[in-house]
Each structure stands twice: as structure tokens, then as C-alpha cells.
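J.: Quick one, query26.cif (mmCIF, C-alpha atoms):
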data_run
#
loop_
_atom_site.label_atom_id
_atom_site.label_comp_id
_atom_site.auth_asym_id
_atom_site.auth_seq_id
_atom_site.Cartn_x
_atom_site.Cartn_y
_atom_site.Cartn_z
CA MET A 21 0.00 0.00 0.00
CA PRO A 22 1.26 3.51 -0.75
CA LEU A 23 2.74 5.33 2.20
CA ASN A 24 0.41 7.78 3.93
CA LEU A 25 2.24 11.11 3.79
CA GLU A 26 -0.64 12.90 5.55
CA HIS A 27 0.03 10.86 8.67
CA GLU A 28 3.69 11.85 8.42
CA ALA A 29 2.75 15.52 7.96
CA VAL A 30 0.70 15.43 11.17
CA LYS A 31 3.63 13.91 13.07
CA ILE A 32 6.05 16.52 11.72
CA SER A 33 3.66 19.35 12.66
CA ASP A 34 3.34 17.93 16.19
CA GLU A 35 7.11 17.72 16.53
CA LEU A 36 8.17 21.01 14.92
CA GLY A 37 5.26 23.36 15.52
CA ASN A 38 4.99 26.30 13.14
CA VAL A 39 5.69 24.68 9.76
CA VAL A 40 4.01 25.01 6.37
CA PHE A 41 4.00 22.20 3.82
CA VAL A 42 4.98 23.19 0.29
CA GLY A 43 6.08 21.31 -2.87
CA ALA A 44 4.40 18.19 -4.25
CA PHE A 45 2.73 17.43 -0.91
CA ALA A 46 0.89 20.75 -1.19
CA VAL A 47 0.06 20.13 -4.87
CA ASN A 48 -1.58 16.92 -3.75
CA HIS A 49 -3.72 18.85 -1.29
CA TYR A 50 -5.16 21.11 -4.00
CA SER A 51 -5.50 18.45 -6.66
CA THR A 52 -4.97 14.74 -6.13
CA TYR A 53 -1.82 13.96 -8.01
CA ARG A 54 1.49 12.19 -7.84
CA THR A 55 4.22 12.83 -5.33
CA THR A 56 7.49 11.31 -4.25
CA ARG A 57 8.01 10.36 -0.62
CA ASP A 58 9.98 13.42 0.35
CA ILE A 59 8.42 16.43 2.01
CA ASP A 60 9.30 20.11 1.54
CA LEU A 61 8.42 22.54 4.25
CA VAL A 62 8.88 26.13 5.32
CA ILE A 63 9.75 26.68 8.95
CA ALA A 64 9.27 29.83 11.01
CA SER A 65 12.61 30.04 12.77
CA PRO A 66 16.20 29.24 11.80
CA LEU A 67 16.88 25.52 11.77
CA ASP A 68 17.75 24.31 15.28
CA GLU A 69 19.89 21.28 14.48
CA GLN A 70 20.24 20.30 18.14
CA LYS A 71 16.47 20.21 18.57
CA LEU A 72 16.05 18.12 15.42
CA ILE A 73 18.62 15.61 16.66
CA GLU A 74 16.89 15.40 20.05
CA LEU A 75 13.61 14.68 18.25
CA GLY A 76 15.24 11.78 16.43
CA TYR A 77 15.80 13.48 13.10
CA THR A 78 19.03 12.64 11.23
CA LYS A 79 20.93 14.80 8.81
CA TRP A 80 20.87 13.66 5.19
CA GLU A 81 24.46 12.78 4.37
CA GLU A 82 24.73 14.49 0.98
CA SER A 83 22.85 17.54 2.19
CA ARG A 84 24.09 21.11 2.49
CA GLY A 85 22.25 21.34 5.79
CA VAL A 86 18.62 21.59 4.73
CA SER A 87 17.76 17.93 4.16
CA TRP A 88 16.96 15.68 7.08
CA SER A 89 15.29 12.34 7.69
CA THR A 90 12.40 12.15 10.12
CA PRO A 91 12.44 9.46 12.83
CA ARG A 92 10.15 7.48 10.45
CA GLY A 93 12.74 7.66 7.63
CA ILE A 94 11.04 10.27 5.44
CA LYS A 95 13.31 12.84 3.77
CA VAL A 96 12.42 16.43 4.61
CA ASP A 97 13.81 19.56 2.94
CA PHE A 98 13.59 22.70 5.07
CA TYR A 99 13.21 26.21 3.65
CA THR A 100 13.93 28.89 6.20
CA ARG A 101 14.35 32.05 4.12
CA ASP A 102 12.30 31.81 0.95
CA LEU A 103 10.82 29.43 -1.59
CA GLY A 104 11.32 30.51 -5.19
CA ARG A 105 12.00 34.07 -3.96
CA ILE A 106 8.70 34.13 -2.04
CA PRO A 107 9.62 35.16 1.52
CA ALA A 108 9.12 32.47 4.16
CA ALA A 109 7.35 35.04 6.35
CA TRP A 110 4.71 35.62 3.63
CA ILE A 111 4.23 31.87 3.16
CA LEU A 112 3.74 31.40 6.90
CA LYS A 113 1.32 34.33 7.12
CA LYS A 114 -0.85 33.24 4.19
CA ALA A 115 -0.79 29.47 4.84
CA VAL A 116 -4.11 27.63 4.91
CA GLU A 117 -5.13 25.21 7.64
CA VAL A 118 -6.08 21.70 6.57
CA ARG A 119 -7.96 19.37 8.92
CA LEU A 120 -6.77 15.78 8.90
CA GLY A 121 -9.09 13.94 11.27
CA ARG A 122 -8.78 15.61 14.66
CA LYS A 123 -5.47 17.23 13.78
CA ALA A 124 -4.61 20.17 11.56
CA ILE A 125 -1.61 20.95 9.41
CA ARG A 126 -0.74 24.08 7.41
CA VAL A 127 -0.19 24.16 3.66
CA ILE A 128 1.08 26.97 1.42
CA CYS A 129 -1.75 29.00 -0.14
CA LEU A 130 -2.63 28.21 -3.75
CA GLU A 131 -1.21 31.49 -5.08
CA GLY A 132 2.18 30.95 -3.42
CA LEU A 133 2.38 27.39 -4.64
CA ILE A 134 1.51 28.31 -8.22
CA LEU A 135 4.09 31.08 -8.33
CA ALA A 136 6.78 28.86 -6.78
CA LYS A 137 6.12 26.17 -9.40
CA HIS A 138 6.06 28.75 -12.19
CA ARG A 139 9.42 30.15 -11.12
CA ALA A 140 11.06 26.75 -10.60
CA GLY A 141 10.30 25.74 -14.22
CA ARG A 142 11.72 22.19 -14.11
CA THR A 143 9.87 19.45 -16.01
CA THR A 144 8.16 18.13 -12.88
CA ASP A 145 7.26 21.66 -11.73
CA VAL A 146 5.74 22.42 -15.13
CA ASP A 147 3.72 19.21 -14.82
CA ASP A 148 2.57 20.18 -11.30
CA LEU A 149 1.72 23.70 -12.48
CA ARG A 150 -0.36 22.35 -15.36
CA GLN A 151 -2.23 20.12 -12.91
CA LEU A 152 -2.87 23.00 -10.48
CA LEU A 153 -4.04 25.44 -13.15
CA THR A 154 -6.30 22.85 -14.76
CA HIS A 155 -8.08 22.00 -11.53
CA CYS A 156 -7.81 25.18 -9.44
CA GLY A 157 -7.01 27.94 -11.97
CA SER A 158 -10.45 29.50 -11.63
CA THR A 159 -10.03 29.93 -7.86
CA ILE A 160 -6.77 31.91 -7.91
CA ARG A 161 -7.07 35.15 -5.90
CA TRP A 162 -5.25 37.54 -8.20
CA ASP A 163 -5.10 40.28 -5.54
CA VAL A 164 -3.13 37.86 -3.35
CA MET A 165 -0.94 36.91 -6.29
CA GLU A 166 -0.14 40.59 -6.85
CA GLU A 167 1.52 40.71 -3.43
CA ILE A 168 4.30 38.37 -4.57
CA ALA A 169 4.41 38.20 -8.38
CA ASP A 170 5.61 40.85 -10.80
CA PRO A 171 3.26 42.19 -13.52
CA LEU A 172 4.83 40.06 -16.27
CA GLU A 173 4.39 36.89 -14.23
CA ILE A 174 0.77 37.78 -13.51
CA THR A 175 0.04 38.35 -17.21
CA GLU A 176 1.64 35.03 -18.07
CA LEU A 177 -0.14 33.12 -15.29
CA LYS A 178 -3.49 34.62 -16.30
CA GLN A 179 -2.94 33.40 -19.87
CA LEU A 180 -1.92 29.94 -18.71
CA SER A 181 -4.85 29.75 -16.32
CA SER A 182 -7.33 30.83 -18.96
CA ALA A 183 -6.02 28.21 -21.40
CA LEU A 184 -6.09 25.37 -18.90
CA SER A 185 -8.78 25.90 -16.29
CA HIS A 186 -12.09 24.05 -16.58
CA MET B 6 4.43 5.74 -37.98
CA THR B 7 7.16 7.64 -39.86
CA ILE B 8 8.28 10.91 -38.32
CA ARG B 9 10.07 13.45 -40.48
CA PRO B 10 13.53 14.40 -39.07
CA GLU B 11 12.74 18.05 -39.93
CA LEU B 12 10.18 18.00 -37.14
CA ALA B 13 13.04 17.83 -34.63
CA ILE B 14 13.52 21.59 -34.98
CA THR B 15 10.35 22.02 -32.91
CA GLN B 16 12.42 20.90 -29.90
CA THR B 17 13.66 24.48 -29.71
CA ILE B 18 10.32 25.43 -28.15
CA GLY B 19 11.51 23.65 -25.00
CA VAL B 20 14.33 26.08 -24.20
CA ARG B 21 11.92 27.27 -21.57
CA GLU B 22 9.37 24.59 -20.68
CA LYS B 23 5.83 25.89 -20.12
CA PRO B 24 2.51 24.24 -19.24
CA VAL B 25 0.97 25.56 -22.48
CA TYR B 26 2.19 27.22 -25.67
CA ASN B 27 0.62 29.15 -28.52
CA ILE B 28 1.47 29.27 -32.20
CA ASP B 29 3.60 32.40 -31.76
CA ASP B 30 5.82 30.49 -29.31
CA LEU B 31 6.34 27.78 -31.92
CA SER B 32 6.85 30.27 -34.72
CA LYS B 33 9.45 32.26 -32.72
CA ALA B 34 11.32 29.18 -31.50
CA THR B 35 11.63 27.58 -34.94
CA GLY B 36 11.80 30.61 -37.20
CA PHE B 37 8.79 29.20 -39.11
CA SER B 38 6.09 31.41 -40.60
CA ARG B 39 2.76 31.08 -38.80
CA ALA B 40 1.43 28.88 -41.63
CA THR B 41 4.42 26.53 -41.42
CA ALA B 42 4.19 26.54 -37.62
CA TYR B 43 0.55 25.44 -37.87
CA ARG B 44 1.55 22.59 -40.18
CA ALA B 45 4.30 21.53 -37.78
CA LEU B 46 1.84 21.66 -34.88
CA ASN B 47 -0.55 19.40 -36.78
CA GLU B 48 2.27 16.92 -37.32
CA LEU B 49 3.18 17.07 -33.62
CA ARG B 50 -0.46 16.36 -32.78
CA GLU B 51 -0.55 13.46 -35.21
CA VAL B 52 2.55 11.89 -33.64
CA GLY B 53 1.13 12.41 -30.15
CA PHE B 54 3.56 15.05 -28.85
CA ALA B 55 1.03 17.91 -28.83
CA GLU B 56 -2.55 18.31 -27.73
CA ARG B 57 -4.80 21.23 -28.65
CA LEU B 58 -6.53 23.27 -25.94
CA LYS B 59 -8.98 26.13 -26.18
CA GLU B 60 -8.13 29.67 -27.44
CA GLY B 61 -5.35 28.48 -29.79
CA TYR B 62 -3.19 27.09 -26.99
CA PHE B 63 -1.67 23.63 -26.94
CA THR B 64 0.32 21.42 -24.58
CA ILE B 65 3.55 19.65 -25.47
CA ARG B 66 4.68 16.38 -23.92
CA SER B 67 8.21 16.67 -22.54
CA SER B 68 9.08 13.55 -24.56
CA LEU B 69 9.39 15.90 -27.53
CA PHE B 70 12.71 16.97 -26.01
CA GLN B 71 14.17 13.45 -26.12
CA PRO B 72 16.78 12.80 -28.87
CA PHE B 73 15.29 12.30 -32.32
CA SER B 74 16.89 8.83 -32.46
CA LEU B 75 14.53 7.74 -29.67
CA TRP B 76 11.36 9.03 -31.31
CA GLU B 77 10.72 5.88 -33.38
CA TYR B 78 10.79 3.81 -30.16
CA LEU B 79 8.45 6.25 -28.43
CA SER B 80 6.03 6.36 -31.33
CA PRO B 81 3.89 3.31 -30.35
CA SER B 82 3.58 4.63 -26.79
CA LEU B 83 2.64 8.09 -28.05
CA GLN B 84 0.01 6.64 -30.37
CA ALA B 85 -1.45 4.54 -27.55
CA LEU B 86 -1.53 7.59 -25.26
CA LYS B 87 -3.16 9.70 -27.94
CA LYS B 88 -5.97 7.19 -28.34
CA ALA B 89 -6.32 6.39 -24.63
CA ARG B 90 -9.89 6.44 -23.30
CA PHE B 91 -10.60 7.65 -19.78
CA PHE B 92 -13.25 6.35 -17.42
CA GLY B 93 -14.45 7.33 -13.97
CA LEU B 94 -17.08 6.29 -11.47
CA SER B 95 -16.27 7.76 -8.04
CA TYR B 96 -13.18 9.57 -9.38
CA ASN B 97 -11.02 8.29 -6.56
CA GLU B 98 -8.95 5.24 -5.59
CA ASN B 99 -12.10 3.06 -5.53
CA ASP B 100 -12.25 3.32 -9.32
CA VAL B 101 -8.77 1.83 -9.54
CA ARG B 102 -9.69 -1.05 -7.21
CA LEU B 103 -12.76 -1.88 -9.27
CA ALA B 104 -10.97 -1.53 -12.63
CA ARG B 105 -8.29 -3.93 -11.43
CA GLN B 106 -10.98 -6.56 -10.88
CA ILE B 107 -12.81 -5.92 -14.13
CA LEU B 108 -10.06 -5.43 -16.70
CA LYS B 109 -7.49 -7.87 -18.02
CA GLY B 110 -4.38 -6.55 -19.71
CA MET B 111 -0.90 -5.15 -19.17
CA LEU B 112 -0.51 -2.46 -16.58
CA THR B 113 1.71 0.51 -17.42
CA LEU B 114 2.66 4.04 -16.28
CA ASP B 115 1.85 5.13 -12.68
CA TYR B 116 0.70 1.89 -11.07
CA ARG B 117 3.18 -0.40 -12.83
CA ALA B 118 5.99 2.08 -12.24
CA TYR B 119 5.06 2.15 -8.56
CA GLU B 120 5.22 -1.65 -8.41
CA LEU B 121 8.64 -1.54 -10.04
CA THR B 122 10.17 1.38 -8.14
CA GLN B 123 7.98 2.60 -5.22
CA LEU B 124 9.17 6.07 -6.19
CA GLN B 125 6.02 8.13 -6.71
CA LEU B 126 2.51 7.57 -5.48
CA PRO B 127 0.38 6.50 -8.44
CA HIS B 128 -2.62 8.41 -9.76
CA LEU B 129 -3.71 7.23 -13.21
CA PHE B 130 -4.53 3.55 -13.70
CA SER B 131 -3.38 2.82 -17.27
CA ILE B 132 -3.84 -0.58 -18.80
CA TYR B 133 -3.20 -2.00 -22.28
CA VAL B 134 -6.06 -4.15 -23.48
CA GLU B 135 -6.59 -6.26 -26.62
CA ASP B 136 -9.84 -4.53 -27.48
CA THR B 137 -10.64 -1.08 -26.11
CA ASP B 138 -14.30 -1.25 -27.19
CA GLN B 139 -14.81 -4.45 -25.24
CA ALA B 140 -13.01 -3.01 -22.20
CA ALA B 141 -15.13 0.14 -22.44
CA ARG B 142 -18.29 -1.97 -22.47
CA MET B 143 -17.13 -3.82 -19.36
CA LEU B 144 -16.50 -0.55 -17.55
CA ARG B 145 -19.85 0.91 -18.59
CA LYS B 146 -21.56 -2.25 -17.37
CA HIS B 147 -20.13 -1.38 -13.96
CA LYS B 148 -21.49 2.20 -14.22
CA PHE B 149 -18.22 3.89 -15.27
CA SER B 150 -18.61 6.96 -17.48
CA GLU B 151 -16.26 7.92 -20.27
CA GLY B 152 -14.81 11.43 -20.24
CA THR B 153 -11.54 13.27 -19.90
CA ARG B 154 -10.98 13.27 -16.14
CA GLY B 155 -11.32 9.63 -15.16
CA ARG B 156 -8.54 7.85 -13.32
CA VAL B 157 -8.83 4.69 -15.42
CA ALA B 158 -7.21 4.82 -18.86
CA ILE B 159 -7.57 1.99 -21.33
CA MET B 160 -5.07 1.85 -24.15
CA GLN B 161 -4.93 -0.24 -27.31
CA ARG B 162 -1.94 -2.59 -27.52
CA THR B 163 0.29 -1.08 -30.20
CA GLY B 164 3.93 -1.91 -30.92
CA ALA B 165 6.29 -4.26 -29.08
CA PHE B 166 5.45 -5.89 -25.72
CA GLU B 167 8.00 -8.74 -25.53
CA ASN B 168 10.02 -6.89 -22.92
CA GLU B 169 7.41 -5.62 -20.47
CA ILE B 170 9.76 -3.44 -18.42
CA GLN B 171 11.18 -1.87 -21.56
CA ARG B 172 7.67 -0.99 -22.67
CA VAL B 173 6.75 0.55 -19.32
CA TYR B 174 10.04 2.52 -19.42
CA LEU B 175 9.27 3.87 -22.91
CA ASP B 176 5.67 4.64 -21.92
CA CYS B 177 6.95 6.68 -18.98
CA ILE B 178 9.33 8.65 -21.21
CA ALA B 179 6.60 9.16 -23.81
CA TYR B 180 4.12 10.36 -21.19
CA GLY B 181 6.68 12.83 -19.88
CA GLY B 182 6.32 15.20 -16.92
CA ARG B 183 6.49 13.41 -13.57
CA SER B 184 6.60 10.04 -15.35
CA LEU B 185 10.16 10.90 -16.39
CA LEU B 186 11.14 10.34 -12.75
CA ASP B 187 9.60 6.85 -13.01
CA ALA B 188 11.64 6.18 -16.16
CA ILE B 189 14.83 7.25 -14.39
CA ALA B 190 14.04 4.99 -11.43
CA ILE B 191 13.31 2.05 -13.73
CA GLU B 192 16.65 2.61 -15.45
CA ILE B 193 18.47 2.71 -12.11
CA LEU B 194 16.71 -0.31 -10.59
CA HIS B 195 16.08 -2.47 -13.67
CA GLY B 196 18.71 -1.23 -16.11
CA GLU B 197 19.90 -4.75 -16.91
CA LYS B 198 16.46 -5.56 -18.33
CA LEU B 199 16.51 -2.60 -20.71
CA ASP B 200 17.89 -2.49 -24.23
CA PRO B 201 21.17 -0.54 -23.85
CA ARG B 202 20.64 1.02 -27.28
CA VAL B 203 17.27 2.48 -26.32
CA ARG B 204 17.78 4.88 -23.46
CA GLY B 205 16.23 8.21 -22.59
CA VAL B 206 18.19 11.38 -21.88
CA PHE B 207 17.44 13.00 -18.56
CA LYS B 208 18.39 16.18 -16.75
CA ALA B 209 21.09 15.76 -14.11
CA GLU B 210 18.91 17.41 -11.42
CA ASP B 211 16.11 14.89 -12.06
CA VAL B 212 18.53 11.96 -11.89
CA LEU B 213 19.96 13.29 -8.63
CA LYS B 214 16.47 13.72 -7.18
CA VAL B 215 15.55 10.14 -8.05
CA ARG B 216 18.84 8.79 -6.70
CA GLU B 217 18.29 10.63 -3.41
CA GLU B 218 14.71 9.42 -3.17
CA LEU B 219 15.67 5.80 -3.85
CA ALA B 220 18.49 6.06 -1.33
CA SER B 221 16.04 7.38 1.27
CA GLN B 222 13.82 4.36 0.66
CA SER B 223 16.65 1.93 1.15
CA GLY B 224 17.61 3.66 4.39
CA THR B 225 21.09 4.76 3.40
CA ARG B 226 20.89 8.00 5.36
CA SER B 227 23.46 9.02 7.88
CA ARG B 228 22.81 8.11 11.49
#
Please lay out the structure from this file as C-alpha cells.
T.:
Amino acid sequence: MPLNLEHEAVKISDELGNVVFVGAFAVNHYSTYRTTRDIDLVIASPLDEQKLIELGYTKWEESRGVSWSTPRGIKVDFYTRDLGRIPAAWILKKAVEVRLGRKAIRVICLEGLILAKHRAGRTTDVDDLRQLLTHCGSTIRWDVMEEIADPLEITELKQLSSALSH
Amino acid sequence: MTIRPELAITQTIGVREKPVYNIDDLSKATGFSRATAYRALNELREVGFAERLKEGYFTIRSSLFQPFSLWEYLSPSLQALKKARFFGLSYNENDVRLARQILKGMLTLDYRAYELTQLQLPHLFSIYVEDTDQAARMLRKHKFSEGTRGRVAIMQRTGAFENEIQRVYLDCIAYGGRSLLDAIAIEILHGEKLDPRVRGVFKAEDVLKVREELASQSGTRSR
């Protein structure tokens, strides 16, 4: 059976507190899609390596300091400053709460996720962006997007959204 | 299907990958007039690399950016994908469970790749069948509806199937996008079962991502 990443997200939120899930995990929240078993997240404060070690996290050996393994063996990439030039503080402020049973986790808002994917521009990001715009393009809050995207990006995203959204 | 080598110039549109393109993008990238660009787009659609959307936009499969020498091997997969028929009932995982019981055929793409690699959680249940009309009837009998958003895709068997893993590998490359990660994982984990002369070309960052992910699965992290 496929691994339940939602269960892992709840555990991570319990352990680390103020975190926001981004990347493919967040894409999967807005539109059921494919994801690898790693998790990307934005964290409120600078990474406290000592605390992570005490919680049973282990540093990923090839990492430059941002990749860790959870005590359950899931790879986590931490973003402490920005994600695709979107400030971490903005992502934390605009994050949406998602109820998972009796627990709640926080996920990057749709506008932040779309812009991050648009800026990343790798094949998998383009695929994720296409999926997001197809299924959620009509619900983008353009006033929120204007807070983080430049006018050229907004024009381009509006065109893409119009071409793809149902 | 024969593909003209001249069509390879359309790969220049991928200098910057986008979710959708318009005819001006193709015209600018290739230096073609708009009329020639339209003809090239029609050829790309015929091969299975492009799909038309509304308002003059179209999508391009990332398999277009594979070397031209690989295109003839991708062609049967692209044709099967182009003619794939999609079905849904509850539009969730239950549809996949039911389709597994109803349909007989060769599994490919997401679910087969997951069985082979455990890399990415699967989404689309794609299966090659001998007769798509018969398979469609079976699904309809179980209250499935045909449309564009279903999670069950039935595909006509086209091309070579002697080497099942090779076929799944080529299907993943042909499908493109996130399935490229599946193709990379198949090559890493089952490379000895693949024809060494028929290999995809992948970006280093994607290969590194897959390697890291596979390493995390096998527990080779530092302690």
C-alpha cells in the first residue's frame, strides 16, 4: 500500500510546531496527483539542528544542511528564508489550515504554490503547475498573487490559467 | 508511424518549458512562418507530442525533447496515449480497485511504475487491453462513465510488448512530466532488463532527485 504522507505531515507538525507544507505534498492537497516520498516545508525560525537531533531526526548525508530524515525515515527539505523568492514570512502568514481527522496541518496557499512552481520551471514543476491550473485555476485570488508576483508573471499566469482551467 | 527528421527543430520550443504554448511560441522558436508553424503543430499532434486546448493554446509532452533517435521507439507509446480512453465512477482510488478486478491486460505508467520502483505515489490507472471497445463496455456495465478526467485509462496494444519493463520505461518517457522520474528509477533499478541502445536522456537534477529518493527508501541516510 502507498505510504500515507498525511500521517507523516501530522507527526512533523506535532514535533516542529509552526511549519508550512509546500512542494508536491501541497500540490496533492489542492489536486490529487502524484508525489514522491519526500516532504518540503517552510519553517518559522532558523533551523535548530540540536532540537532536530533530540527529536530523532538525522541529517541527510549528501545535504548542504537543509535535508533531514524524520524518525520514520522520510526525507524532509527545510526552507527557512524563501521558496522561489517568495519570503518564508509571507508563506507562513498566508498558509491555509487543513484538517486531517482531529489534527490540523498548514499548507502553502494556492497562489504561493503556483508562483513557486512557475518560477522553478523544471519538467516536474511544469507538470505540477499544469495540474494546479487545470483543476484550481479559476479559484486563484489575483489580488493575493499581486503581493508576490511581478506584472509580467501575472500576465503570463493569467494566460496559462485561462487556457487550462475548466 | 514515420516521423520526419525536420520535425526535430520544434524541440527548440523547449528552451523554456511551459505548461501551455501558442502558435507564436512555436513560430518564434523555430523561425517558421505562422502557416508553417501550424503545419508543424498538426504533425506534432498526429505523432502524439502535442494536444490542442482552447483559445489556440496547446500542450507539449516533454518527450518531444528526447533525442530524435529515440522518437521511433516512443512512437507506439505516443500513439497509444493519444488514443487512450478515460473512465471514472467515483473519481477516486475506488475506481482503480474496481478496474483492477474488471479489466485484463498489461498495466503501465503510474501503477506499474510504482510496483517496479515505489518512487512516486500513483494516480492514473493505465492498462493495455486487446480490445478497447470491449473493455469500455465492461466498464460501462459497472457504471463507469467515459470522459476526460477519469482515473482509469484503457489503451490499445500497439507496438512491441515482448520486454514488459522496456515498454513501461518507454511509456513513462513518452508520457513525460512526472513520469520521467519513473523512467529514471526504472533505469536505475532495472537497467539490466533494458535495451542498452534504447535509453532516454534526462536532466542531471532529475537523476539526482531520483537517486536521493531511492536512497532514502533503502535507508542509506546518515545516522
J.: When distances are computed from only C-alpha atoms, which of A:Leu72, A:Ile111, A:Leu135, A:Gly157 shows the smallest separation from A:Ile174?
T.: A:Leu135
J.: Determine the residue membership of the PyMOL selection byres ((chain A) within 7 of (chain B)) for the file above and supply it as a ChimeraX atom specification.
T.: /A:22,53-57,78-81,95,141,143-144,146-147,149-150,180,183
J.: Tell me, as a short mmCIF file (atom, residue, chain, number, x, y, z; two decimals) with C-alpha atoms, in the coordinates of the input, which residues lie within 10 Å of A:Arg139, counting only C-alpha atoms; anything in the same chain fewer than 2 positions away does not count.
T.:
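In the end it all went to result33.cif:
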data_model
loop_
_atom_site.label_atom_id
_atom_site.label_comp_id
_atom_site.auth_asym_id
_atom_site.auth_seq_id
_atom_site.Cartn_x
_atom_site.Cartn_y
_atom_site.Cartn_z
CA LEU A 103 10.82 29.43 -1.59
CA GLY A 104 11.32 30.51 -5.19
CA ARG A 105 12.00 34.07 -3.96
CA ILE A 106 8.70 34.13 -2.04
CA LEU A 133 2.38 27.39 -4.64
CA ILE A 134 1.51 28.31 -8.22
CA LEU A 135 4.09 31.08 -8.33
CA ALA A 136 6.78 28.86 -6.78
CA LYS A 137 6.12 26.17 -9.40
CA GLY A 141 10.30 25.74 -14.22
CA ARG A 142 11.72 22.19 -14.11
CA ASP A 145 7.26 21.66 -11.73
CA VAL A 146 5.74 22.42 -15.13
CA ALA A 169 4.41 38.20 -8.38
CA GLU A 173 4.39 36.89 -14.23
#
J.: Using atom CA of A:Ala109 and atom CA of A:Asp34 as the two end points, give the distance in Å to one decimal.
T.: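 Spanning atom CA of A:Ala109 to atom CA of A:Asp34 is a straight-line distance of 20.1 Å.
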J.: Would you kindly translate the PyMOL selection byres ((chain B and resi 51) around 12) into the concrete residues it picks from this file, as a ChimeraX atom specification?
T.: /B:6-9,12,44-50,52-57,80,83-88
J.: State, in Å with one decimal place, the distance from atom CA of B:Ala13 to atom CA of B:Asp200.
T.: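 Distance between the two atoms: 23.3 Å.
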J.: Check which residues satisfy the PyMOL selection byres ((chain B and resi 89-91) around 12) in the file shown, then give them as a count of residues only.
T.: 45
J.: So that all listed atoms of stretch 129-141 of chain B fit with 4 Å spare on each side, what axis-aligned box centre and edge lengths in Å, to one decimal, would you give as JSON?
T.:
{"center_x": -9.2, "center_y": 0.5, "center_z": -20.3, "size_x": 19.9, "size_y": 21.5, "size_z": 22.3}
J.: Any idea what the distance is between atom CA of B:Asn168 and atom CA of B:Leu108?
T.: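 Between these atoms lies a distance of 21.1 Å.
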